[in-house]
Amino acid sequence: MADMARWEHFPHQADVGVRGMGATLEQAFEQVALALTAVIADPAEVAPQEMIRLSCAAPDAELLLVDWLNRLIYEMATRNMLFSRFEVHLEKNHLAAQAWGEALEAGRHRPAVEVKGATYTALEVAQQPDGGWLAQCVVDV
């Protein structure tokens, strides 16, 4: 199977849609987290120097996606960090993850916008016809 892992943005009025695709649900969650970072800055410019552990739980995969992204947004804001590498483990409706990144440096990272939160707009977590997974929603900027 070709490498299915990728992320992208999709247009949505004044906000930004983030989408992650992967061979597994975990990989799709990792990729949508990269898409979230890319709303703010180029992930390639963010060094994975410091690792933090994150966890969250929700009744279903779609709500878990919103909780995951909102947790990352919270950690970016309170730690003044950006993240460029993610390792997600899912078990039922519980997510345990590691995120690697570094302190935000405005001159080097040139942040484009501040993400306020993940929303339920265009929220979808689904297995695709090719067997891969998609995870997406709109983030408020």
# chains A, B, ... in the order shown; residues from 1 in each chain; ligands from 1
>>> residues_around(residues="Ile73 in chain A", least_positions_apart="2", cutoff="9 Å", atoms="only C-alpha atoms", output="MDAnalysis selection string")
chainID A and resid 36 68:71 75:78 115:118
>>> select_by_dssp(residues="range 42-81 of chain A", states="strand (DSSP E or B)", output="MDAnalysis selection string")
chainID A and resid 50:57 81
>>> residues_around(residues="range 57-60 of chain A", least_positions_apart="2", cutoff="9 Å", atoms="only C-alpha atoms", output="ChimeraX atom specification")
/A:55,62-65,67-68,92-96
>>> write_last_selection(atoms="C-alpha atoms", output="PDB file, in the first residue's frame")
ATOM      1  CA  SER A  55      -4.395  12.440  26.501  1.00  0.00           C
ATOM      2  CA  GLU A  62     -15.564  12.603  15.945  1.00  0.00           C
ATOM      3  CA  LEU A  63     -15.802  14.175  19.393  1.00  0.00           C
ATOM      4  CA  LEU A  64     -12.376  12.743  20.185  1.00  0.00           C
ATOM      5  CA  LEU A  65     -10.971  14.545  17.137  1.00  0.00           C
ATOM      6  CA  ASP A  67     -11.009  17.242  21.861  1.00  0.00           C
ATOM      7  CA  TRP A  68      -7.588  16.263  20.439  1.00  0.00           C
ATOM      8  CA  LYS A  92     -11.590   2.632  22.085  1.00  0.00           C
ATOM      9  CA  ASN A  93     -12.486   6.269  22.784  1.00  0.00           C
ATOM     10  CA  HIS A  94      -9.256   7.215  24.531  1.00  0.00           C
ATOM     11  CA  LEU A  95      -6.331   8.999  22.897  1.00  0.00           C
ATOM     12  CA  ALA A  96      -2.798   9.026  24.263  1.00  0.00           C
TER      13      ALA A  96
END
>>> closest_residue(among="A:Phe10, A:Tyr74, A:Trp100, A:Phe86", to="Phe29 in chain A", atoms="only C-alpha atoms")
A:Phe86
>>> residues_around(residues="Arg108 in chain A", least_positions_apart="2", cutoff="12 Å", atoms="only C-alpha atoms", output="PDB file with C-alpha atoms, in the first residue's frame")
ATOM      1  CA  ALA A  41       3.266  28.225  10.524  1.00  0.00           C
ATOM      2  CA  ASP A  42       5.202  25.916   8.207  1.00  0.00           C
ATOM      3  CA  PRO A  43       5.627  22.614  10.102  1.00  0.00           C
ATOM      4  CA  ALA A  44       8.948  22.068   8.304  1.00  0.00           C
ATOM      5  CA  GLU A  45      10.291  25.126  10.165  1.00  0.00           C
ATOM      6  CA  VAL A  46       9.338  23.725  13.602  1.00  0.00           C
ATOM      7  CA  ALA A  47      12.072  21.624  15.188  1.00  0.00           C
ATOM      8  CA  LEU A  82       4.373  24.871  17.965  1.00  0.00           C
ATOM      9  CA  GLU A 102       9.671  23.968  20.105  1.00  0.00           C
ATOM     10  CA  ALA A 103       9.034  27.425  21.517  1.00  0.00           C
ATOM     11  CA  LEU A 104       7.347  29.797  19.104  1.00  0.00           C
ATOM     12  CA  GLU A 105       9.778  32.355  17.677  1.00  0.00           C
ATOM     13  CA  ALA A 106       7.760  34.988  15.808  1.00  0.00           C
ATOM     14  CA  ARG A 110       6.195  33.904  11.157  1.00  0.00           C
ATOM     15  CA  PRO A 111       2.821  32.832  12.595  1.00  0.00           C
ATOM     16  CA  ALA A 112       0.005  33.619  10.144  1.00  0.00           C
TER      17      ALA A 112
END
>>> closest_atom_pairs(of="range 17-99 of chain A", to="range 133-139 of chain A", cutoff="9 Å", atoms="only C-alpha atoms", output="CSV")
residue,atom,partner,partner_atom,distance
A:Gly17,CA,A:Val138,CA,4.0
A:Val18,CA,A:Gln136,CA,5.5
A:Arg19,CA,A:Gln136,CA,4.2
A:Gly20,CA,A:Ala135,CA,5.2
A:Met21,CA,A:Leu134,CA,4.6
A:Gly22,CA,A:Trp133,CA,5.3
A:Ala23,CA,A:Trp133,CA,6.0
A:Thr24,CA,A:Trp133,CA,5.8
A:Leu25,CA,A:Trp133,CA,5.5
A:Glu26,CA,A:Trp133,CA,8.7
A:Gln27,CA,A:Trp133,CA,8.1
A:Ala28,CA,A:Ala135,CA,5.7
A:Phe29,CA,A:Ala135,CA,6.4
A:Gln31,CA,A:Ala135,CA,8.5
A:Val32,CA,A:Ala135,CA,6.6
A:Leu36,CA,A:Val139,CA,8.1
A:Glu62,CA,A:Ala135,CA,8.0
A:Leu65,CA,A:Ala135,CA,7.3
A:Val66,CA,A:Cys137,CA,7.7
A:Leu69,CA,A:Val139,CA,8.8
>>> closest_residue(among="A:Leu72, A:Ala14, A:Ala35, A:Ile40", to="Gln98 in chain A", atoms="only C-alpha atoms")
A:Leu72
>>> atom_distance(atom1="CA of Gly132 in chain A", atom2="CA of Arg53 in chain A")
25.8 Å
>>> atom_distance(atom1="CA of Ser84 in chain A", atom2="CA of Gly107 in chain A")
17.5 Å
>>> atom_distance(atom1="CA of Leu34 in chain A", atom2="CA of Arg85 in chain A")
7.3 Å
>>> select_by_dssp(residues="chain A", states="alpha helix (DSSP H)", output="compact mmCIF listing (two decimals) with C-alpha atoms, in the first residue's frame")
# COMPACT_ATOMS: atom_id res chain seq x y z
CA LEU A 25 -7.09 6.21 12.24
CA GLU A 26 -4.06 7.09 14.39
CA GLN A 27 -2.18 8.28 11.32
CA ALA A 28 -5.15 10.43 10.23
CA PHE A 29 -5.19 12.04 13.71
CA GLU A 30 -1.44 12.70 13.45
CA GLN A 31 -1.85 14.27 10.01
CA VAL A 32 -4.76 16.50 11.01
CA ALA A 33 -2.57 17.75 13.88
CA LEU A 34 0.10 18.67 11.31
CA ALA A 35 -2.58 20.47 9.29
CA LEU A 36 -3.46 22.40 12.45
CA THR A 37 0.16 23.49 12.89
CA ALA A 38 0.30 24.47 9.21
CA VAL A 39 -2.57 26.92 9.71
CA ILE A 40 -0.20 28.86 11.98
CA ALA A 61 -14.17 9.30 17.24
CA GLU A 62 -15.56 12.60 15.95
CA LEU A 63 -15.80 14.17 19.39
CA LEU A 64 -12.38 12.74 20.18
CA LEU A 65 -10.97 14.55 17.14
CA VAL A 66 -12.35 17.90 18.35
CA ASP A 67 -11.01 17.24 21.86
CA TRP A 68 -7.59 16.26 20.44
CA LEU A 69 -7.28 19.42 18.35
CA ASN A 70 -8.54 21.65 21.15
CA ARG A 71 -6.03 20.07 23.51
CA LEU A 72 -3.24 20.86 21.04
CA ILE A 73 -4.50 24.44 20.64
CA TYR A 74 -4.53 24.81 24.44
CA GLU A 75 -0.99 23.42 24.76
CA MET A 76 0.30 25.69 21.97
CA ALA A 77 -1.22 28.74 23.66
CA THR A 78 -0.20 28.00 27.25
CA ARG A 79 3.28 26.73 26.43
CA ALA A 106 7.76 34.99 15.81
CA GLY A 107 10.68 36.10 13.63
CA ARG A 108 11.55 32.60 12.50
CA HIS A 109 8.15 30.87 12.46
